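**Q** Here you go, structure.txt (compact mmCIF, N, CA and C atoms):
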```
# COMPACT_ATOMS: atom_id res chain seq x y z
N MET A 274 71.83 21.26 111.70
CA MET A 274 71.84 22.70 111.58
C MET A 274 71.35 23.11 110.20
N LYS A 275 70.62 24.20 110.15
CA LYS A 275 70.11 24.71 108.88
C LYS A 275 71.26 25.27 108.03
N PRO A 276 71.14 25.20 106.70
CA PRO A 276 72.16 25.79 105.83
C PRO A 276 72.28 27.30 106.07
N VAL A 277 73.50 27.79 105.99
CA VAL A 277 73.77 29.22 106.14
C VAL A 277 74.19 29.76 104.79
N PHE A 278 73.58 30.88 104.40
CA PHE A 278 73.87 31.54 103.14
C PHE A 278 74.30 32.97 103.42
N VAL A 279 74.83 33.65 102.41
CA VAL A 279 75.25 35.05 102.56
C VAL A 279 74.62 35.88 101.46
N ARG A 280 74.16 37.07 101.83
CA ARG A 280 73.58 38.03 100.89
C ARG A 280 74.00 39.43 101.34
N PRO A 281 73.90 40.40 100.44
CA PRO A 281 74.13 41.78 100.90
C PRO A 281 73.05 42.14 101.93
N ALA A 282 73.43 42.93 102.92
CA ALA A 282 72.45 43.40 103.90
C ALA A 282 71.43 44.28 103.19
N LYS A 283 70.21 44.22 103.67
CA LYS A 283 69.11 45.01 103.11
C LYS A 283 68.81 46.19 104.03
N SER A 284 68.12 47.18 103.49
CA SER A 284 67.79 48.35 104.31
C SER A 284 66.97 47.95 105.54
N GLU A 285 66.12 46.93 105.40
CA GLU A 285 65.33 46.51 106.56
C GLU A 285 66.16 45.80 107.63
N ASP A 286 67.44 45.49 107.32
CA ASP A 286 68.35 44.89 108.30
C ASP A 286 69.03 45.95 109.17
N SER A 287 68.89 47.20 108.81
CA SER A 287 69.69 48.28 109.42
C SER A 287 69.60 48.31 110.95
N GLN A 288 68.40 48.26 111.50
CA GLN A 288 68.27 48.37 112.95
C GLN A 288 68.86 47.17 113.67
N GLU A 289 68.60 45.98 113.12
CA GLU A 289 69.15 44.76 113.71
C GLU A 289 70.69 44.80 113.67
N PHE A 290 71.23 45.18 112.52
CA PHE A 290 72.69 45.30 112.37
C PHE A 290 73.25 46.26 113.41
N LEU A 291 72.63 47.43 113.54
CA LEU A 291 73.10 48.42 114.50
C LEU A 291 72.99 47.90 115.93
N ASP A 292 71.84 47.32 116.28
CA ASP A 292 71.64 46.79 117.63
C ASP A 292 72.68 45.71 117.97
N TRP A 293 72.88 44.77 117.05
CA TRP A 293 73.83 43.68 117.29
C TRP A 293 75.26 44.21 117.37
N SER A 294 75.57 45.20 116.53
CA SER A 294 76.91 45.78 116.54
C SER A 294 77.20 46.47 117.87
N LEU A 295 76.23 47.22 118.36
CA LEU A 295 76.41 47.93 119.62
C LEU A 295 76.42 46.98 120.81
N ALA A 296 75.75 45.83 120.67
CA ALA A 296 75.72 44.83 121.75
C ALA A 296 76.98 43.97 121.75
N GLY A 297 77.73 43.99 120.66
CA GLY A 297 78.93 43.14 120.54
C GLY A 297 79.96 43.49 121.59
N VAL A 298 80.49 42.46 122.21
CA VAL A 298 81.52 42.66 123.23
C VAL A 298 82.87 42.69 122.53
N ASN A 299 83.56 43.81 122.66
CA ASN A 299 84.93 43.91 122.16
C ASN A 299 85.03 43.64 120.66
N ASN A 300 84.04 44.10 119.88
CA ASN A 300 84.10 43.85 118.44
C ASN A 300 84.67 45.03 117.67
N GLY A 301 85.02 46.11 118.34
CA GLY A 301 85.66 47.25 117.68
C GLY A 301 84.75 47.98 116.70
N PHE A 302 83.45 47.92 116.89
CA PHE A 302 82.50 48.52 115.94
C PHE A 302 82.72 50.02 115.82
N ASP A 303 82.84 50.48 114.57
CA ASP A 303 82.93 51.90 114.24
C ASP A 303 81.73 52.22 113.37
N PRO A 304 80.76 52.99 113.87
CA PRO A 304 79.54 53.24 113.11
C PRO A 304 79.75 53.99 111.80
N GLU A 305 80.91 54.58 111.60
CA GLU A 305 81.18 55.28 110.34
C GLU A 305 81.51 54.31 109.20
N VAL A 306 82.13 53.17 109.52
CA VAL A 306 82.62 52.25 108.49
C VAL A 306 81.52 51.78 107.54
N PRO A 307 80.34 51.36 108.03
CA PRO A 307 79.30 50.90 107.09
C PRO A 307 78.83 52.00 106.12
N ARG A 308 79.10 53.25 106.47
CA ARG A 308 78.65 54.36 105.61
C ARG A 308 79.68 54.75 104.56
N TYR A 309 80.90 54.20 104.64
CA TYR A 309 81.91 54.51 103.63
C TYR A 309 81.43 54.01 102.27
N GLY A 310 81.75 54.75 101.24
CA GLY A 310 81.38 54.35 99.88
C GLY A 310 82.06 53.06 99.43
N THR A 311 83.16 52.68 100.10
CA THR A 311 83.88 51.46 99.74
C THR A 311 83.52 50.28 100.63
N THR A 312 82.48 50.42 101.43
CA THR A 312 82.06 49.35 102.33
C THR A 312 80.77 48.72 101.84
N VAL A 313 80.74 47.39 101.87
CA VAL A 313 79.53 46.62 101.59
C VAL A 313 79.29 45.76 102.82
N THR A 314 78.06 45.78 103.35
CA THR A 314 77.74 44.96 104.51
C THR A 314 76.99 43.72 104.04
N PHE A 315 77.48 42.55 104.48
CA PHE A 315 76.86 41.28 104.12
C PHE A 315 76.16 40.69 105.34
N ALA A 316 75.16 39.85 105.07
CA ALA A 316 74.43 39.14 106.12
C ALA A 316 74.55 37.65 105.89
N ALA A 317 74.94 36.91 106.93
CA ALA A 317 74.88 35.45 106.92
C ALA A 317 73.51 35.11 107.50
N PHE A 318 72.77 34.21 106.84
CA PHE A 318 71.40 33.96 107.27
C PHE A 318 70.99 32.51 107.04
N THR A 319 69.93 32.12 107.75
CA THR A 319 69.27 30.83 107.53
C THR A 319 67.82 31.14 107.19
N SER A 320 67.00 30.11 107.08
CA SER A 320 65.57 30.34 106.82
C SER A 320 64.89 31.05 107.99
N ASP A 321 65.55 31.10 109.15
CA ASP A 321 65.01 31.82 110.31
C ASP A 321 65.39 33.30 110.31
N GLY A 322 66.23 33.72 109.38
CA GLY A 322 66.65 35.11 109.33
C GLY A 322 68.14 35.26 109.54
N PRO A 323 68.62 36.51 109.71
CA PRO A 323 70.05 36.77 109.84
C PRO A 323 70.66 36.14 111.08
N LEU A 324 71.92 35.69 110.92
CA LEU A 324 72.74 35.19 112.03
C LEU A 324 73.84 36.18 112.39
N ALA A 325 74.37 36.87 111.38
CA ALA A 325 75.49 37.79 111.61
C ALA A 325 75.60 38.75 110.44
N PHE A 326 76.13 39.91 110.72
CA PHE A 326 76.41 40.91 109.69
C PHE A 326 77.90 41.21 109.73
N LEU A 327 78.49 41.48 108.55
CA LEU A 327 79.91 41.82 108.49
C LEU A 327 80.14 42.86 107.42
N PRO A 328 80.50 44.10 107.82
CA PRO A 328 80.90 45.09 106.82
C PRO A 328 82.26 44.71 106.24
N MET A 329 82.39 44.87 104.92
CA MET A 329 83.67 44.62 104.25
C MET A 329 84.06 45.86 103.47
N GLN A 330 85.24 46.38 103.79
CA GLN A 330 85.75 47.51 103.03
C GLN A 330 86.48 46.98 101.82
N MET A 331 86.42 47.71 100.72
CA MET A 331 87.15 47.34 99.52
C MET A 331 88.32 48.30 99.37
N PRO A 332 89.59 47.90 99.26
CA PRO A 332 90.01 46.51 99.28
C PRO A 332 89.53 45.84 100.57
N ILE A 333 89.60 44.54 100.60
CA ILE A 333 88.91 43.77 101.62
C ILE A 333 89.55 43.92 103.00
N VAL A 334 88.81 44.59 103.87
CA VAL A 334 89.13 44.66 105.30
C VAL A 334 87.87 44.23 106.01
N LEU A 335 87.92 43.11 106.71
CA LEU A 335 86.75 42.63 107.43
C LEU A 335 86.59 43.48 108.68
N GLU A 336 85.42 44.02 108.85
CA GLU A 336 85.16 44.89 109.99
C GLU A 336 84.54 44.11 111.13
N SER A 337 83.97 44.80 112.09
CA SER A 337 83.46 44.16 113.30
C SER A 337 82.25 43.29 113.01
N LEU A 338 82.30 42.06 113.49
CA LEU A 338 81.25 41.07 113.28
C LEU A 338 80.11 41.35 114.26
N ALA A 339 78.91 41.53 113.75
CA ALA A 339 77.72 41.73 114.57
C ALA A 339 76.95 40.42 114.60
N VAL A 340 76.83 39.81 115.77
CA VAL A 340 76.26 38.48 115.90
C VAL A 340 74.90 38.54 116.59
N LYS A 341 73.97 37.73 116.10
CA LYS A 341 72.64 37.62 116.70
C LYS A 341 72.77 37.17 118.16
N PRO A 342 72.19 37.91 119.08
CA PRO A 342 72.23 37.47 120.48
C PRO A 342 71.62 36.07 120.61
N GLY A 343 72.32 35.21 121.33
CA GLY A 343 71.84 33.86 121.54
C GLY A 343 72.27 32.86 120.48
N ALA A 344 72.94 33.32 119.42
CA ALA A 344 73.42 32.38 118.40
C ALA A 344 74.43 31.44 119.03
N THR A 345 74.40 30.18 118.60
CA THR A 345 75.32 29.18 119.16
C THR A 345 76.72 29.39 118.59
N PRO A 346 77.74 28.88 119.29
CA PRO A 346 79.10 28.97 118.74
C PRO A 346 79.22 28.33 117.35
N LEU A 347 78.52 27.21 117.12
CA LEU A 347 78.56 26.57 115.80
C LEU A 347 77.91 27.46 114.74
N GLU A 348 76.80 28.08 115.07
CA GLU A 348 76.15 28.99 114.12
C GLU A 348 77.07 30.17 113.79
N ILE A 349 77.70 30.72 114.81
CA ILE A 349 78.59 31.86 114.60
C ILE A 349 79.79 31.45 113.75
N ALA A 350 80.40 30.30 114.06
CA ALA A 350 81.55 29.84 113.29
C ALA A 350 81.16 29.58 111.84
N THR A 351 79.99 28.98 111.63
CA THR A 351 79.52 28.69 110.27
C THR A 351 79.25 29.99 109.51
N ALA A 352 78.60 30.93 110.18
CA ALA A 352 78.33 32.23 109.55
C ALA A 352 79.64 32.92 109.18
N LEU A 353 80.61 32.90 110.10
CA LEU A 353 81.89 33.55 109.83
C LEU A 353 82.61 32.87 108.68
N ARG A 354 82.57 31.54 108.64
CA ARG A 354 83.21 30.81 107.53
C ARG A 354 82.58 31.24 106.20
N GLU A 355 81.26 31.30 106.14
CA GLU A 355 80.58 31.68 104.89
C GLU A 355 80.89 33.13 104.52
N LEU A 356 80.96 34.00 105.51
CA LEU A 356 81.29 35.41 105.23
C LEU A 356 82.71 35.54 104.70
N VAL A 357 83.67 34.77 105.24
CA VAL A 357 85.04 34.81 104.73
C VAL A 357 85.08 34.28 103.30
N GLN A 358 84.33 33.21 103.03
CA GLN A 358 84.27 32.70 101.66
C GLN A 358 83.70 33.75 100.71
N THR A 359 82.72 34.51 101.17
CA THR A 359 82.18 35.59 100.35
C THR A 359 83.23 36.66 100.11
N ALA A 360 84.05 36.95 101.13
CA ALA A 360 85.13 37.92 100.97
C ALA A 360 86.13 37.45 99.92
N VAL A 361 86.45 36.15 99.92
CA VAL A 361 87.36 35.60 98.91
C VAL A 361 86.77 35.79 97.52
N THR A 362 85.47 35.52 97.38
CA THR A 362 84.81 35.72 96.09
C THR A 362 84.90 37.19 95.66
N GLN A 363 84.68 38.11 96.60
CA GLN A 363 84.78 39.53 96.28
C GLN A 363 86.21 39.88 95.85
N CYS A 364 87.21 39.26 96.45
CA CYS A 364 88.60 39.50 96.04
C CYS A 364 88.80 39.10 94.58
N HIS A 365 88.27 37.94 94.22
CA HIS A 365 88.41 37.49 92.84
C HIS A 365 87.68 38.43 91.88
N ILE A 366 86.50 38.88 92.24
CA ILE A 366 85.71 39.78 91.39
C ILE A 366 86.43 41.12 91.21
N ARG A 367 87.02 41.64 92.28
CA ARG A 367 87.60 42.98 92.28
C ARG A 367 89.11 43.01 92.06
N GLY A 368 89.73 41.84 91.95
CA GLY A 368 91.17 41.79 91.75
C GLY A 368 91.96 42.18 92.99
N VAL A 369 91.39 41.97 94.17
CA VAL A 369 92.05 42.30 95.43
C VAL A 369 92.90 41.10 95.86
N GLY A 370 94.12 41.33 96.35
CA GLY A 370 95.03 40.25 96.65
C GLY A 370 95.07 39.77 98.08
N GLU A 371 94.52 40.54 99.02
CA GLU A 371 94.59 40.15 100.42
C GLU A 371 93.32 40.52 101.16
N ILE A 372 93.10 39.81 102.25
CA ILE A 372 91.98 40.09 103.17
C ILE A 372 92.60 40.35 104.53
N TRP A 373 92.17 41.43 105.18
CA TRP A 373 92.69 41.81 106.48
C TRP A 373 91.56 41.99 107.47
N PHE A 374 91.82 41.70 108.74
CA PHE A 374 90.96 42.18 109.82
C PHE A 374 91.80 42.37 111.07
N ILE A 375 91.36 43.28 111.91
CA ILE A 375 92.06 43.58 113.15
C ILE A 375 91.46 42.69 114.23
N GLY A 376 92.28 41.91 114.90
CA GLY A 376 91.81 40.95 115.88
C GLY A 376 91.53 41.57 117.23
N THR A 377 90.28 41.99 117.45
CA THR A 377 89.90 42.61 118.73
C THR A 377 89.06 41.69 119.59
N ASN A 378 88.69 40.51 119.08
CA ASN A 378 87.81 39.59 119.81
C ASN A 378 88.49 38.23 119.88
N ASP A 379 88.59 37.67 121.08
CA ASP A 379 89.30 36.40 121.26
C ASP A 379 88.70 35.26 120.44
N ASP A 380 87.36 35.19 120.37
CA ASP A 380 86.72 34.12 119.60
C ASP A 380 87.04 34.23 118.11
N THR A 381 86.99 35.46 117.60
CA THR A 381 87.29 35.67 116.18
C THR A 381 88.77 35.40 115.91
N ASN A 382 89.63 35.78 116.86
CA ASN A 382 91.06 35.49 116.71
C ASN A 382 91.30 33.98 116.64
N ARG A 383 90.63 33.22 117.51
CA ARG A 383 90.77 31.76 117.49
C ARG A 383 90.30 31.19 116.16
N PHE A 384 89.20 31.74 115.62
CA PHE A 384 88.70 31.30 114.31
C PHE A 384 89.80 31.47 113.27
N ALA A 385 90.41 32.65 113.24
CA ALA A 385 91.46 32.93 112.24
C ALA A 385 92.67 32.02 112.45
N GLU A 386 93.08 31.84 113.69
CA GLU A 386 94.27 31.05 113.98
C GLU A 386 94.08 29.57 113.64
N HIS A 387 92.87 29.07 113.78
CA HIS A 387 92.61 27.65 113.53
C HIS A 387 92.08 27.38 112.11
N SER A 388 91.86 28.43 111.33
CA SER A 388 91.30 28.25 109.98
C SER A 388 92.30 27.62 109.02
N GLY A 389 93.59 27.84 109.26
CA GLY A 389 94.60 27.33 108.36
C GLY A 389 94.83 28.19 107.13
N ILE A 390 94.13 29.31 107.01
CA ILE A 390 94.28 30.16 105.83
C ILE A 390 94.76 31.58 106.17
N PHE A 391 94.56 32.03 107.39
CA PHE A 391 95.04 33.35 107.80
C PHE A 391 96.43 33.24 108.39
N THR A 392 97.23 34.28 108.26
CA THR A 392 98.56 34.34 108.83
C THR A 392 98.59 35.46 109.86
N LYS A 393 98.98 35.13 111.09
CA LYS A 393 99.07 36.15 112.13
C LYS A 393 100.34 36.97 111.92
N VAL A 394 100.21 38.28 111.99
CA VAL A 394 101.36 39.17 111.90
C VAL A 394 101.67 39.68 113.30
N GLU A 395 102.64 40.58 113.45
CA GLU A 395 103.13 41.00 114.76
C GLU A 395 102.03 41.46 115.71
N TYR A 396 101.05 42.15 115.21
CA TYR A 396 99.92 42.62 116.01
C TYR A 396 98.71 41.79 115.65
N PRO A 397 97.62 41.85 116.42
CA PRO A 397 96.45 41.03 116.08
C PRO A 397 95.78 41.51 114.79
N VAL A 398 96.48 41.32 113.69
CA VAL A 398 95.98 41.63 112.36
C VAL A 398 96.15 40.37 111.53
N TYR A 399 95.18 40.03 110.69
CA TYR A 399 95.23 38.79 109.95
C TYR A 399 95.15 39.06 108.46
N ARG A 400 95.88 38.27 107.69
CA ARG A 400 95.96 38.45 106.24
C ARG A 400 95.65 37.13 105.57
N LEU A 401 94.84 37.19 104.54
CA LEU A 401 94.56 36.05 103.69
C LEU A 401 94.97 36.44 102.28
N LYS A 402 96.04 35.86 101.78
CA LYS A 402 96.49 36.12 100.42
C LYS A 402 95.68 35.21 99.50
N VAL A 403 94.84 35.79 98.68
CA VAL A 403 93.96 35.02 97.82
C VAL A 403 94.75 34.10 96.91
N SER A 404 95.91 34.53 96.47
CA SER A 404 96.73 33.69 95.59
C SER A 404 97.21 32.40 96.29
N ASP A 405 97.32 32.45 97.63
CA ASP A 405 97.74 31.26 98.37
C ASP A 405 96.67 30.17 98.40
N LEU A 406 95.42 30.54 98.18
CA LEU A 406 94.34 29.54 98.22
C LEU A 406 94.52 28.49 97.13
N ASP A 407 95.01 28.90 95.97
CA ASP A 407 95.23 27.94 94.88
C ASP A 407 96.32 26.95 95.23
N LYS A 408 97.29 27.36 96.03
CA LYS A 408 98.41 26.48 96.39
C LYS A 408 97.99 25.42 97.39
N LYS A 409 96.92 25.69 98.16
CA LYS A 409 96.47 24.76 99.19
C LYS A 409 95.52 23.70 98.63
N ALA A 410 95.05 23.91 97.41
CA ALA A 410 94.07 22.97 96.83
C ALA A 410 94.72 21.68 96.39
```
Just give me the structure as structure tokens.

**A**
Amino acid sequence: MKPVFVRPAKSEDSQEFLDWSLAGVNNGFDPEVPRYGTTVTFAAFTSDGPLAFLPMQMPIVLESLAVKPGATPLEIATALRELVQTAVTQCHIRGVGEIWFIGTNDDTNRFAEHSGIFTKVEYPVYRLKVSDLDKKA
């Protein structure tokens, strides 16, 4: 598999991001979120182009994952892993202590549950306490 990297989404990504977000099954996409002043949208990509986009609200709330149609489960999992690592980096840069996302997609929920770093709360909401990462090392 090709290496997956993360960068901020570019203006030329806008249509693809919107198309993939609207095509997402049960991803809870809210078209207003990417326009918030506290939201930054990141792209996971390979040399072939974007694999997934993920808006992140500051403080860190992971929004609906927009996935390239036809991407393999391994590509999606790798892209999501890299995007979460980018969120952790943003937490350190901004002094944010937790990462949250609302679990509306079964595949994404399984990713969080099997990652070993997110904690499931009473509802399908996931929290990553950045300070806990140092304890696991």

**Q** Have a look at A:Leu324, A:Trp373, A:Glu336, A:Ile390 and name the one nearest to Leu353 in chain A; count only N, CA and C atoms.

**A** A:Leu324

**Q** Select, from A:Gly368, A:Phe278, A:Val357, A:Asp303, the residue with the minimum atom-to-atom distance to Ser404 in chain A, counting only C-alpha atoms.

**A**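 Once distances to Ser404 in chain A are computed over only C-alpha atoms, the minimum belongs to A:Gly368.
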
**Q** Thr359 in chain A: which residues within 12 Å, counting only C-alpha atoms, same-chain residues fewer than 5 positions away excluded, as a count of residues only?

**A** 21

**Q** In Å, rounded to a single decimal, give me how far atom N of Asp380 in chain A is from atom N of Gln358 in chain A.

**A**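 Computed distance, atom N of Gln358 in chain A to atom N of Asp380 in chain A, equals 17.7 Å.
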
**Q** Hey, what's within 6 Å of Phe391 in chain A if we count all atoms listed in the file and toss same-chain stuff fewer than 3 positions away? As a ChimeraX atom specification, please?

**A** /A:385,388,399-401

**Q** Mind writing the picked residues with N, CA and C atoms as a tab-separated table (two decimals), keeping the file's coordinate frame?

**A**
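Okay, result.tsv is ready:
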```
chain	number	residue	atom	x	y	z
A	385	ALA	N	90.41	32.65	113.24
A	385	ALA	CA	91.46	32.93	112.24
A	385	ALA	C	92.67	32.02	112.45
A	388	SER	N	91.86	28.43	111.33
A	388	SER	CA	91.30	28.25	109.98
A	388	SER	C	92.30	27.62	109.02
A	399	TYR	N	95.18	40.03	110.69
A	399	TYR	CA	95.23	38.79	109.95
A	399	TYR	C	95.15	39.06	108.46
A	400	ARG	N	95.88	38.27	107.69
A	400	ARG	CA	95.96	38.45	106.24
A	400	ARG	C	95.65	37.13	105.57
A	401	LEU	N	94.84	37.19	104.54
A	401	LEU	CA	94.56	36.05	103.69
A	401	LEU	C	94.97	36.44	102.28
```

**Q** To one decimal place in Å, what is the distance between atom N of Thr311 in chain A and atom C of Asn382 in chain A?

**A** 26.3 Å

**Q** Could you pull out the helix (DSSP H, G or I) residues of chain A from DSSP and send them as a VMD selection string?

**A** chain A and resid 284 to 296 306 to 308 346 to 367 379 to 388 403 to 409

**Q** Identify, on the basis of only N, CA and C atoms, every residue whose closest approach to Val277 in chain A does not exceed 7 Å; exclude the query and any residue fewer than 3 positions from it along the same chain; express the result as a list in words.

**A**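 Result of the neighbour search: Met274, Ala317, Phe318, Thr319, Ser320, Thr351, Ala352 and Glu355 of chain A.
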
**Q** Filtering to N, CA and C atoms, could you give me those residues as a compact mmCIF listing (two decimals), in the coordinates of the input?

**A**
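File out23.txt, as written:
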```txt
# COMPACT_ATOMS: atom_id res chain seq x y z
N MET A 274 71.83 21.26 111.70
CA MET A 274 71.84 22.70 111.58
C MET A 274 71.35 23.11 110.20
N ALA A 317 74.94 36.91 106.93
CA ALA A 317 74.88 35.45 106.92
C ALA A 317 73.51 35.11 107.50
N PHE A 318 72.77 34.21 106.84
CA PHE A 318 71.40 33.96 107.27
C PHE A 318 70.99 32.51 107.04
N THR A 319 69.93 32.12 107.75
CA THR A 319 69.27 30.83 107.53
C THR A 319 67.82 31.14 107.19
N SER A 320 67.00 30.11 107.08
CA SER A 320 65.57 30.34 106.82
C SER A 320 64.89 31.05 107.99
N THR A 351 79.99 28.98 111.63
CA THR A 351 79.52 28.69 110.27
C THR A 351 79.25 29.99 109.51
N ALA A 352 78.60 30.93 110.18
CA ALA A 352 78.33 32.23 109.55
C ALA A 352 79.64 32.92 109.18
N GLU A 355 81.26 31.30 106.14
CA GLU A 355 80.58 31.68 104.89
C GLU A 355 80.89 33.13 104.52
```

**Q** Quick one: distance from CA of Ala360 in chain A to atom C of Val334 in chain A in Å, one decimal?

**A** 8.5 Å

**Q** Would you compute the box with edges along x, y and z of the file around range 281-295 of chain A, including every atom the file lists for it and 6 Å extra on each side, and give its centre and edge lengths in Å to one decimal, as AutoDock Vina command-line options?

**A**
```
--center_x 71.3 --center_y 44.4 --center_z 110.6 --size_x 23.9 --size_y 20.0 --size_z 32.4
```

**Q** Looking at A:Arg308, A:Glu289, A:Phe384, A:Gly301, which one is nearest to Leu347 in chain A, with distances taken over only C-alpha atoms?

**A**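 Of A:Arg308, A:Glu289, A:Phe384, A:Gly301, the one nearest Leu347 in chain A is A:Phe384, counting only C-alpha atoms.
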
**Q** Counting only C-alpha atoms, which of A:Lys275, A:Lys408, A:Arg383, A:Lys341 gets nearest to Leu291 in chain A?

**A**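 Of A:Lys275, A:Lys408, A:Arg383, A:Lys341, the one nearest Leu291 in chain A is A:Lys341, counting only C-alpha atoms.
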